[in-house]
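As provided, model_3.cif (mmCIF, N, CA and C atoms) reads as follows.
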data_model
loop_
_atom_site.label_atom_id
_atom_site.label_comp_id
_atom_site.auth_asym_id
_atom_site.auth_seq_id
_atom_site.Cartn_x
_atom_site.Cartn_y
_atom_site.Cartn_z
N MET A 1 186.71 -58.77 3.51
CA MET A 1 186.95 -57.87 2.42
C MET A 1 187.77 -56.69 2.94
N SER A 2 188.62 -56.21 2.07
CA SER A 2 189.46 -55.10 2.50
C SER A 2 188.70 -53.78 2.41
N LYS A 3 189.23 -52.82 3.14
CA LYS A 3 188.61 -51.50 3.13
C LYS A 3 188.60 -50.91 1.73
N ARG A 4 189.64 -51.19 0.99
CA ARG A 4 189.74 -50.65 -0.37
C ARG A 4 188.65 -51.23 -1.27
N LYS A 5 188.38 -52.52 -1.17
CA LYS A 5 187.35 -53.16 -1.98
C LYS A 5 185.96 -52.66 -1.58
N ILE A 6 185.73 -52.45 -0.29
CA ILE A 6 184.44 -51.94 0.18
C ILE A 6 184.22 -50.52 -0.34
N LEU A 7 185.27 -49.71 -0.28
CA LEU A 7 185.18 -48.35 -0.77
C LEU A 7 184.89 -48.33 -2.28
N CYS A 8 185.55 -49.19 -3.04
CA CYS A 8 185.31 -49.28 -4.49
C CYS A 8 183.87 -49.73 -4.75
N LEU A 9 183.38 -50.69 -3.99
CA LEU A 9 182.02 -51.20 -4.14
C LEU A 9 180.99 -50.10 -3.85
N ILE A 10 181.22 -49.32 -2.80
CA ILE A 10 180.32 -48.22 -2.44
C ILE A 10 180.31 -47.18 -3.56
N ILE A 11 181.47 -46.85 -4.09
CA ILE A 11 181.55 -45.86 -5.17
C ILE A 11 180.81 -46.36 -6.41
N VAL A 12 180.97 -47.63 -6.76
CA VAL A 12 180.28 -48.19 -7.92
C VAL A 12 178.76 -48.15 -7.71
N VAL A 13 178.29 -48.50 -6.53
CA VAL A 13 176.85 -48.49 -6.24
C VAL A 13 176.32 -47.06 -6.32
N LEU A 14 177.05 -46.12 -5.73
CA LEU A 14 176.61 -44.72 -5.77
C LEU A 14 176.57 -44.19 -7.20
N LEU A 15 177.56 -44.54 -8.00
CA LEU A 15 177.58 -44.11 -9.40
C LEU A 15 176.38 -44.69 -10.16
N CYS A 16 176.10 -45.96 -9.94
CA CYS A 16 174.95 -46.59 -10.60
C CYS A 16 173.64 -45.93 -10.20
N LEU A 17 173.50 -45.64 -8.92
CA LEU A 17 172.28 -44.98 -8.45
C LEU A 17 172.16 -43.58 -9.02
N SER A 18 173.25 -42.84 -9.09
CA SER A 18 173.17 -41.47 -9.60
C SER A 18 172.81 -41.46 -11.08
N PHE A 19 173.29 -42.41 -11.86
CA PHE A 19 172.93 -42.47 -13.28
C PHE A 19 171.46 -42.81 -13.45
N SER A 20 170.94 -43.73 -12.70
CA SER A 20 169.53 -44.10 -12.86
C SER A 20 168.61 -42.99 -12.38
N ILE A 21 168.96 -42.28 -11.31
CA ILE A 21 168.15 -41.16 -10.84
C ILE A 21 168.21 -40.03 -11.86
N GLY A 22 169.37 -39.76 -12.42
CA GLY A 22 169.50 -38.71 -13.43
C GLY A 22 168.69 -39.02 -14.67
N ALA A 23 168.69 -40.26 -15.13
CA ALA A 23 167.92 -40.64 -16.31
C ALA A 23 166.44 -40.48 -16.04
N TYR A 24 165.98 -40.86 -14.86
CA TYR A 24 164.57 -40.73 -14.50
C TYR A 24 164.19 -39.25 -14.41
N ALA A 25 165.04 -38.45 -13.83
CA ALA A 25 164.76 -37.03 -13.72
C ALA A 25 164.72 -36.38 -15.10
N ASP A 26 165.62 -36.78 -16.00
CA ASP A 26 165.61 -36.24 -17.35
C ASP A 26 164.29 -36.54 -18.05
N ASP A 27 163.75 -37.73 -17.85
CA ASP A 27 162.48 -38.09 -18.48
C ASP A 27 161.36 -37.17 -18.00
N ILE A 28 161.36 -36.85 -16.73
CA ILE A 28 160.31 -36.00 -16.19
C ILE A 28 160.49 -34.55 -16.63
N ILE A 29 161.69 -34.05 -16.54
CA ILE A 29 161.95 -32.64 -16.84
C ILE A 29 161.67 -32.32 -18.32
N TRP A 30 162.02 -33.22 -19.22
CA TRP A 30 161.90 -32.91 -20.65
C TRP A 30 160.60 -33.38 -21.27
N GLU A 31 159.67 -33.82 -20.49
CA GLU A 31 158.40 -34.27 -21.03
C GLU A 31 157.64 -33.07 -21.60
N GLU A 32 157.19 -33.20 -22.86
CA GLU A 32 156.46 -32.14 -23.53
C GLU A 32 155.06 -32.01 -22.94
N PRO A 33 154.56 -30.79 -22.75
CA PRO A 33 153.18 -30.63 -22.28
C PRO A 33 152.22 -31.05 -23.38
N LYS A 34 151.11 -31.63 -22.99
CA LYS A 34 150.12 -32.10 -23.96
C LYS A 34 149.29 -30.95 -24.51
N GLU A 35 149.12 -29.91 -23.75
CA GLU A 35 148.31 -28.77 -24.15
C GLU A 35 148.99 -27.49 -23.71
N SER A 36 148.97 -26.49 -24.57
CA SER A 36 149.60 -25.23 -24.21
C SER A 36 148.74 -24.48 -23.20
N SER A 37 149.37 -23.97 -22.17
CA SER A 37 148.64 -23.19 -21.18
C SER A 37 149.19 -21.77 -21.10
N ILE A 38 149.82 -21.33 -22.19
CA ILE A 38 150.40 -20.00 -22.22
C ILE A 38 149.33 -19.01 -22.68
N SER A 39 149.18 -17.92 -21.95
CA SER A 39 148.26 -16.87 -22.38
C SER A 39 149.04 -15.56 -22.40
N VAL A 40 148.69 -14.74 -23.36
CA VAL A 40 149.37 -13.46 -23.52
C VAL A 40 148.52 -12.37 -22.90
N GLN A 41 149.09 -11.61 -22.02
CA GLN A 41 148.39 -10.47 -21.46
C GLN A 41 148.90 -9.22 -22.15
N MET A 42 147.97 -8.43 -22.64
CA MET A 42 148.36 -7.23 -23.35
C MET A 42 148.53 -6.08 -22.35
N THR A 43 149.29 -5.10 -22.75
CA THR A 43 149.62 -3.99 -21.86
C THR A 43 148.54 -2.92 -21.84
N TYR A 44 147.96 -2.62 -23.00
CA TYR A 44 146.98 -1.54 -23.09
C TYR A 44 145.56 -2.04 -23.40
N ILE A 45 145.43 -3.21 -24.02
CA ILE A 45 144.12 -3.77 -24.36
C ILE A 45 143.71 -4.77 -23.30
N ASN A 46 142.55 -4.53 -22.70
CA ASN A 46 142.00 -5.45 -21.71
C ASN A 46 141.13 -6.49 -22.40
N THR A 47 140.09 -6.05 -23.11
CA THR A 47 139.20 -6.97 -23.83
C THR A 47 138.75 -6.35 -25.15
N THR A 48 138.39 -7.22 -26.09
CA THR A 48 137.76 -6.79 -27.34
C THR A 48 136.61 -7.73 -27.63
N SER A 49 135.67 -7.27 -28.43
CA SER A 49 134.60 -8.15 -28.90
C SER A 49 134.29 -7.82 -30.35
N ASN A 50 133.85 -8.83 -31.08
CA ASN A 50 133.54 -8.71 -32.50
C ASN A 50 132.31 -9.57 -32.75
N ASP A 51 131.12 -8.97 -32.63
CA ASP A 51 129.87 -9.71 -32.76
C ASP A 51 129.20 -9.38 -34.08
N PHE A 52 128.59 -10.42 -34.69
CA PHE A 52 128.01 -10.26 -36.02
C PHE A 52 126.81 -11.18 -36.18
N ALA A 53 125.75 -10.64 -36.79
CA ALA A 53 124.55 -11.43 -37.07
C ALA A 53 123.85 -10.84 -38.29
N ILE A 54 123.01 -11.65 -38.93
CA ILE A 54 122.18 -11.19 -40.04
C ILE A 54 120.76 -11.61 -39.76
N SER A 55 119.83 -10.65 -39.94
CA SER A 55 118.41 -10.93 -39.77
C SER A 55 117.62 -10.11 -40.78
N ALA A 56 116.77 -10.78 -41.54
CA ALA A 56 115.90 -10.13 -42.53
C ALA A 56 116.67 -9.18 -43.45
N GLY A 57 117.82 -9.63 -43.94
CA GLY A 57 118.60 -8.83 -44.87
C GLY A 57 119.43 -7.73 -44.26
N GLN A 58 119.44 -7.62 -42.93
CA GLN A 58 120.23 -6.60 -42.25
C GLN A 58 121.39 -7.26 -41.50
N ALA A 59 122.60 -6.81 -41.80
CA ALA A 59 123.78 -7.26 -41.06
C ALA A 59 123.94 -6.35 -39.85
N TYR A 60 124.13 -6.96 -38.69
CA TYR A 60 124.33 -6.22 -37.44
C TYR A 60 125.78 -6.42 -37.00
N VAL A 61 126.50 -5.33 -36.89
CA VAL A 61 127.92 -5.35 -36.53
C VAL A 61 128.09 -4.62 -35.21
N ALA A 62 128.73 -5.28 -34.25
CA ALA A 62 129.00 -4.66 -32.95
C ALA A 62 130.41 -5.04 -32.52
N CYS A 63 131.29 -4.06 -32.51
CA CYS A 63 132.68 -4.27 -32.11
C CYS A 63 132.99 -3.32 -30.95
N SER A 64 133.75 -3.81 -30.00
CA SER A 64 134.13 -2.94 -28.89
C SER A 64 135.53 -3.28 -28.39
N ILE A 65 136.13 -2.29 -27.77
CA ILE A 65 137.45 -2.44 -27.16
C ILE A 65 137.41 -1.77 -25.79
N ARG A 66 138.07 -2.40 -24.86
CA ARG A 66 138.21 -1.83 -23.52
C ARG A 66 139.67 -1.94 -23.13
N GLY A 67 140.28 -0.80 -22.88
CA GLY A 67 141.66 -0.79 -22.42
C GLY A 67 141.68 -0.81 -20.90
N TYR A 68 142.79 -0.40 -20.33
CA TYR A 68 142.93 -0.33 -18.88
C TYR A 68 142.77 1.13 -18.44
N ASN A 69 141.81 1.36 -17.57
CA ASN A 69 141.54 2.71 -17.07
C ASN A 69 142.80 3.24 -16.37
N GLY A 70 143.20 4.44 -16.74
CA GLY A 70 144.39 5.03 -16.14
C GLY A 70 145.66 4.72 -16.91
N VAL A 71 145.59 3.80 -17.84
CA VAL A 71 146.76 3.43 -18.65
C VAL A 71 146.50 3.79 -20.11
N THR A 72 145.38 3.30 -20.63
CA THR A 72 145.01 3.53 -22.03
C THR A 72 144.33 4.89 -22.15
N ASP A 73 144.81 5.72 -23.10
CA ASP A 73 144.21 7.05 -23.23
C ASP A 73 143.50 7.27 -24.57
N LYS A 74 143.56 6.30 -25.48
CA LYS A 74 142.89 6.44 -26.76
C LYS A 74 142.72 5.05 -27.37
N VAL A 75 141.60 4.81 -28.06
CA VAL A 75 141.37 3.52 -28.73
C VAL A 75 140.79 3.78 -30.12
N THR A 76 141.10 2.88 -31.04
CA THR A 76 140.50 2.94 -32.38
C THR A 76 140.02 1.56 -32.78
N ILE A 77 138.96 1.55 -33.57
CA ILE A 77 138.41 0.31 -34.12
C ILE A 77 138.22 0.51 -35.61
N TYR A 78 138.66 -0.45 -36.40
CA TYR A 78 138.37 -0.50 -37.83
C TYR A 78 137.62 -1.81 -38.06
N ALA A 79 136.43 -1.72 -38.64
CA ALA A 79 135.61 -2.91 -38.88
C ALA A 79 135.25 -2.99 -40.35
N ASP A 80 135.52 -4.13 -40.96
CA ASP A 80 135.19 -4.37 -42.36
C ASP A 80 134.16 -5.48 -42.46
N LEU A 81 133.02 -5.18 -43.07
CA LEU A 81 132.02 -6.20 -43.38
C LEU A 81 132.47 -6.83 -44.69
N GLN A 82 132.66 -8.14 -44.67
CA GLN A 82 133.19 -8.83 -45.85
C GLN A 82 132.19 -9.86 -46.36
N GLN A 83 132.20 -10.01 -47.68
CA GLN A 83 131.34 -10.96 -48.37
C GLN A 83 132.23 -11.95 -49.12
N CYS A 84 131.88 -13.23 -49.04
CA CYS A 84 132.64 -14.24 -49.77
C CYS A 84 132.03 -14.37 -51.16
N LYS A 85 132.82 -14.01 -52.16
CA LYS A 85 132.36 -14.02 -53.54
C LYS A 85 133.41 -14.74 -54.39
N ASN A 86 132.99 -15.80 -55.05
CA ASN A 86 133.89 -16.61 -55.88
C ASN A 86 135.10 -17.12 -55.08
N GLY A 87 134.87 -17.46 -53.81
CA GLY A 87 135.92 -18.03 -52.98
C GLY A 87 136.85 -17.03 -52.33
N SER A 88 136.63 -15.72 -52.54
CA SER A 88 137.49 -14.70 -51.95
C SER A 88 136.66 -13.76 -51.07
N TRP A 89 137.28 -13.29 -50.00
CA TRP A 89 136.62 -12.33 -49.11
C TRP A 89 136.87 -10.92 -49.62
N ILE A 90 135.78 -10.20 -49.90
CA ILE A 90 135.90 -8.81 -50.34
C ILE A 90 135.18 -7.92 -49.35
N THR A 91 135.75 -6.76 -49.09
CA THR A 91 135.14 -5.81 -48.16
C THR A 91 134.06 -5.03 -48.89
N ILE A 92 132.83 -5.06 -48.33
CA ILE A 92 131.72 -4.34 -48.95
C ILE A 92 131.34 -3.08 -48.17
N LYS A 93 131.76 -2.99 -46.92
CA LYS A 93 131.49 -1.79 -46.11
C LYS A 93 132.52 -1.71 -44.99
N SER A 94 133.01 -0.51 -44.72
CA SER A 94 133.99 -0.29 -43.66
C SER A 94 133.52 0.81 -42.72
N TRP A 95 133.87 0.66 -41.46
CA TRP A 95 133.60 1.68 -40.46
C TRP A 95 134.84 1.86 -39.60
N SER A 96 134.97 3.03 -39.01
CA SER A 96 136.05 3.24 -38.04
C SER A 96 135.53 4.16 -36.94
N GLU A 97 136.12 4.02 -35.80
CA GLU A 97 135.74 4.82 -34.64
C GLU A 97 136.99 5.07 -33.79
N THR A 98 137.15 6.30 -33.36
CA THR A 98 138.25 6.66 -32.46
C THR A 98 137.65 7.29 -31.22
N SER A 99 138.16 6.90 -30.08
CA SER A 99 137.70 7.47 -28.81
C SER A 99 138.91 7.90 -28.00
N ASN A 100 138.89 9.11 -27.50
CA ASN A 100 139.97 9.59 -26.64
C ASN A 100 139.69 9.19 -25.19
N ASP A 101 139.49 7.92 -25.00
CA ASP A 101 139.17 7.33 -23.71
C ASP A 101 139.75 5.92 -23.71
N TYR A 102 139.54 5.19 -22.65
CA TYR A 102 140.09 3.84 -22.58
C TYR A 102 139.16 2.79 -23.16
N MET A 103 137.99 3.21 -23.68
CA MET A 103 137.09 2.25 -24.32
C MET A 103 136.33 2.91 -25.46
N GLY A 104 135.87 2.07 -26.40
CA GLY A 104 135.12 2.57 -27.53
C GLY A 104 134.36 1.43 -28.20
N SER A 105 133.42 1.80 -29.08
CA SER A 105 132.62 0.77 -29.75
C SER A 105 132.09 1.26 -31.08
N ILE A 106 131.72 0.29 -31.91
CA ILE A 106 131.02 0.53 -33.18
C ILE A 106 129.78 -0.35 -33.15
N SER A 107 128.65 0.22 -33.51
CA SER A 107 127.41 -0.54 -33.62
C SER A 107 126.71 -0.07 -34.89
N LYS A 108 126.66 -0.93 -35.92
CA LYS A 108 126.15 -0.52 -37.23
C LYS A 108 125.26 -1.61 -37.83
N THR A 109 124.42 -1.19 -38.79
CA THR A 109 123.64 -2.12 -39.59
C THR A 109 123.91 -1.82 -41.06
N TYR A 110 123.74 -2.86 -41.89
CA TYR A 110 123.99 -2.69 -43.32
C TYR A 110 123.17 -3.74 -44.06
N SER A 111 122.51 -3.34 -45.14
CA SER A 111 121.72 -4.27 -45.95
C SER A 111 122.64 -5.17 -46.77
N VAL A 112 122.35 -6.48 -46.74
CA VAL A 112 123.16 -7.46 -47.48
C VAL A 112 122.28 -8.27 -48.43
N ASP A 113 122.91 -8.83 -49.46
CA ASP A 113 122.21 -9.63 -50.46
C ASP A 113 122.18 -11.10 -50.05
N LYS A 114 121.11 -11.77 -50.47
CA LYS A 114 120.99 -13.21 -50.21
C LYS A 114 121.95 -14.00 -51.10
N GLY A 115 122.27 -15.19 -50.61
CA GLY A 115 123.08 -16.10 -51.42
C GLY A 115 124.57 -16.02 -51.18
N TYR A 116 124.99 -15.30 -50.15
CA TYR A 116 126.41 -15.14 -49.86
C TYR A 116 126.70 -15.44 -48.39
N THR A 117 127.98 -15.63 -48.11
CA THR A 117 128.44 -15.78 -46.73
C THR A 117 129.17 -14.50 -46.34
N TYR A 118 128.95 -14.07 -45.10
CA TYR A 118 129.49 -12.80 -44.62
C TYR A 118 130.26 -13.00 -43.32
N ARG A 119 131.14 -12.04 -43.03
CA ARG A 119 131.87 -11.99 -41.76
C ARG A 119 132.33 -10.56 -41.52
N VAL A 120 132.83 -10.31 -40.31
CA VAL A 120 133.40 -9.01 -39.98
C VAL A 120 134.85 -9.22 -39.56
N ARG A 121 135.73 -8.46 -40.17
CA ARG A 121 137.14 -8.46 -39.80
C ARG A 121 137.39 -7.14 -39.08
N ALA A 122 137.84 -7.20 -37.84
CA ALA A 122 138.03 -5.99 -37.03
C ALA A 122 139.48 -5.87 -36.57
N SER A 123 139.94 -4.63 -36.49
CA SER A 123 141.27 -4.33 -35.99
C SER A 123 141.11 -3.33 -34.85
N PHE A 124 141.74 -3.63 -33.73
CA PHE A 124 141.62 -2.82 -32.52
C PHE A 124 143.00 -2.30 -32.14
N THR A 125 143.09 -1.01 -31.80
CA THR A 125 144.35 -0.43 -31.36
C THR A 125 144.10 0.37 -30.08
N ALA A 126 144.98 0.20 -29.12
CA ALA A 126 144.93 0.98 -27.88
C ALA A 126 146.24 1.74 -27.76
N TYR A 127 146.14 2.97 -27.27
CA TYR A 127 147.29 3.87 -27.16
C TYR A 127 147.51 4.28 -25.71
N SER A 128 148.77 4.47 -25.39
CA SER A 128 149.15 5.02 -24.09
C SER A 128 150.34 5.92 -24.34
N GLY A 129 150.09 7.22 -24.30
CA GLY A 129 151.17 8.16 -24.65
C GLY A 129 151.58 7.94 -26.08
N GLY A 130 152.85 7.71 -26.32
CA GLY A 130 153.35 7.48 -27.67
C GLY A 130 153.41 6.02 -28.07
N SER A 131 152.97 5.12 -27.20
CA SER A 131 153.02 3.69 -27.49
C SER A 131 151.64 3.17 -27.85
N SER A 132 151.61 2.04 -28.56
CA SER A 132 150.34 1.44 -28.92
C SER A 132 150.49 -0.07 -29.07
N GLU A 133 149.35 -0.75 -29.05
CA GLU A 133 149.34 -2.17 -29.38
C GLU A 133 148.07 -2.46 -30.16
N ASN A 134 148.13 -3.50 -30.98
CA ASN A 134 147.05 -3.81 -31.91
C ASN A 134 146.72 -5.29 -31.87
N ILE A 135 145.44 -5.57 -32.06
CA ILE A 135 145.00 -6.96 -32.18
C ILE A 135 143.87 -6.99 -33.20
N SER A 136 143.78 -8.06 -33.96
CA SER A 136 142.73 -8.21 -34.96
C SER A 136 141.92 -9.46 -34.65
N SER A 137 140.67 -9.47 -35.12
CA SER A 137 139.85 -10.66 -34.97
C SER A 137 138.87 -10.77 -36.12
N THR A 138 138.42 -11.98 -36.35
CA THR A 138 137.43 -12.26 -37.37
C THR A 138 136.21 -12.86 -36.68
N SER A 139 135.03 -12.33 -37.03
CA SER A 139 133.80 -12.82 -36.42
C SER A 139 133.44 -14.20 -36.95
N ASN A 140 132.34 -14.72 -36.44
CA ASN A 140 131.75 -15.91 -37.01
C ASN A 140 131.30 -15.60 -38.44
N THR A 141 131.17 -16.63 -39.28
CA THR A 141 130.63 -16.43 -40.61
C THR A 141 129.15 -16.75 -40.62
N VAL A 142 128.39 -16.00 -41.43
CA VAL A 142 126.95 -16.18 -41.53
C VAL A 142 126.58 -16.31 -42.99
N LYS A 143 125.92 -17.43 -43.32
CA LYS A 143 125.41 -17.61 -44.68
C LYS A 143 123.99 -17.08 -44.73
N TYR A 144 123.71 -16.22 -45.71
CA TYR A 144 122.38 -15.63 -45.80
C TYR A 144 121.76 -15.93 -47.15
#

So, in terms of structure tokens, how does the structure I just supplied come out?
Amino acid sequence: MSKRKILCLIIVVLLCLSFSIGAYADDIIWEEPKESSISVQMTYINTTSNDFAISAGQAYVACSIRGYNGVTDKVTIYADLQQCKNGSWITIKSWSETSNDYMGSISKTYSVDKGYTYRVRASFTAYSGGSSENISSTSNTVKY
């Protein structure tokens, strides 16, 4: 075989190999993840909680926010006790709390009527200087 034919054969083999490796690599690179593993870290809010229970006609509401010490200088919580009536959530009692610190909480009780489902919708805001960030959450629902 001539040198020219050998060189052409080598080039063809290399081209074939590069296409098959590229196709295999594309399959791996573009494979969609089965589950999202992305988590968002907030700048001023470290943790929040929104706990709710009903016992003997008393609704117990406990909401708290914790910012980052040395970063967060003020926090606010707005908590709405909601009742499901005719398929719609209506607010029957609201509370708010502001703390000029990096953490704050609300702990309240309220008498509720039997025969309804209840929940707490809370909004949390943390401040640092002139900036702020907000997050909201809904508690578990309780049928009483």

Around all listed atoms of region 120-128 of chain A, padded 4 Å per side, what centre and edge lengths does the axis-aligned box have in Å to one decimal, as lines of an AutoDock Vina configuration file?
center_x = 141.6
center_y = -2.2
center_z = -32.2
size_x = 25.5
size_y = 24.2
size_z = 24.2

Worksheet item: Of the candidates A:Gly115, A:Gly57, A:Gly70, A:Gly130, which one gets nearest to Met103 (chain A) if we count only C-alpha atoms?
Response: A:Gly70

Practice prompt. Write out as a ChimeraX atom specification each polymer residue whose atoms come within 8 Å of Ser99 (chain A), counting all atoms listed in the file; drop sequence neighbours fewer than 3 positions from it.
Written response: /A:73-77,96,102-105

Item to complete: Might you spell out which residues the PyMOL selection byres ((chain A and resi 135-140) around 5) would select in the displayed file, as a list in words?
Response: Arg119, Val120, Arg121, Ala122, Ser123, Phe124, Glu133, Asn134, Thr141 and Val142 of chain A

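Remark: for Tyr144 (chain A), the closest of the candidate residues A:Lys93, A:Gln41, A:Ile54, A:Gln82 is A:Ile54 (distances computed over all atoms listed in the file).
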
So that I can check the surroundings of region 58-62 of chain A, please list as a PDB file with N, CA and C atoms, keeping the file's coordinate frame every protein, DNA and RNA residue that reaches within 6 Å of it, counting only C-alpha atoms and ignoring chain neighbours fewer than 4 positions away.
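Output saved as out.pdb:
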ATOM      1  N   ASP A  51     131.120  -8.970 -32.630  1.00  0.00           N
ATOM      2  CA  ASP A  51     129.870  -9.710 -32.760  1.00  0.00           C
ATOM      3  C   ASP A  51     129.200  -9.380 -34.080  1.00  0.00           C
ATOM      4  N   PHE A  52     128.590 -10.420 -34.690  1.00  0.00           N
ATOM      5  CA  PHE A  52     128.010 -10.260 -36.020  1.00  0.00           C
ATOM      6  C   PHE A  52     126.810 -11.180 -36.180  1.00  0.00           C
ATOM      7  N   ALA A  53     125.750 -10.640 -36.790  1.00  0.00           N
ATOM      8  CA  ALA A  53     124.550 -11.430 -37.070  1.00  0.00           C
ATOM      9  C   ALA A  53     123.850 -10.840 -38.290  1.00  0.00           C
ATOM     10  N   ILE A  54     123.010 -11.650 -38.930  1.00  0.00           N
ATOM     11  CA  ILE A  54     122.180 -11.190 -40.040  1.00  0.00           C
ATOM     12  C   ILE A  54     120.760 -11.610 -39.760  1.00  0.00           C
ATOM     13  N   ILE A 106     131.720   0.290 -31.910  1.00  0.00           N
ATOM     14  CA  ILE A 106     131.020   0.530 -33.180  1.00  0.00           C
ATOM     15  C   ILE A 106     129.780  -0.350 -33.150  1.00  0.00           C
ATOM     16  N   SER A 107     128.650   0.220 -33.510  1.00  0.00           N
ATOM     17  CA  SER A 107     127.410  -0.540 -33.620  1.00  0.00           C
ATOM     18  C   SER A 107     126.710  -0.070 -34.890  1.00  0.00           C
ATOM     19  N   LYS A 108     126.660  -0.930 -35.920  1.00  0.00           N
ATOM     20  CA  LYS A 108     126.150  -0.520 -37.230  1.00  0.00           C
ATOM     21  C   LYS A 108     125.260  -1.610 -37.830  1.00  0.00           C
ATOM     22  N   THR A 109     124.420  -1.190 -38.790  1.00  0.00           N
ATOM     23  CA  THR A 109     123.640  -2.120 -39.590  1.00  0.00           C
ATOM     24  C   THR A 109     123.910  -1.820 -41.060  1.00  0.00           C
ATOM     25  N   TYR A 110     123.740  -2.860 -41.890  1.00  0.00           N
ATOM     26  CA  TYR A 110     123.990  -2.690 -43.320  1.00  0.00           C
ATOM     27  C   TYR A 110     123.170  -3.740 -44.060  1.00  0.00           C
ATOM     28  N   SER A 111     122.510  -3.340 -45.140  1.00  0.00           N
ATOM     29  CA  SER A 111     121.720  -4.270 -45.950  1.00  0.00           C
ATOM     30  C   SER A 111     122.640  -5.170 -46.770  1.00  0.00           C
TER      31      SER A 111
END

Discussion item. According to DSSP computed on the backbone, where in region 24-139 of chain A is there alpha helix (DSSP H)? Give the residues as a PyMOL selection string.
Written reply: chain A and resi 24-29

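Take atom N of Lys143 (chain A) and CA of Tyr78 (chain A): the distance between them is 21.7 Å.
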
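What separates CA of Cys84 (chain A) from CA of Thr117 (chain A) is a distance of 5.4 Å.
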
Worksheet item: Which value, in Å to one decimal, gives the distance between atom N of Asn50 (chain A) and atom N of Ser64 (chain A)?
Response: 5.1 Å

Practice prompt. Per DSSP on the backbone, filter region 51-114 of chain A down to the residues in strand (DSSP E or B) and report them as a ChimeraX atom specification.
Written response: /A:51-55,58-67,74-85,88-99,103-111
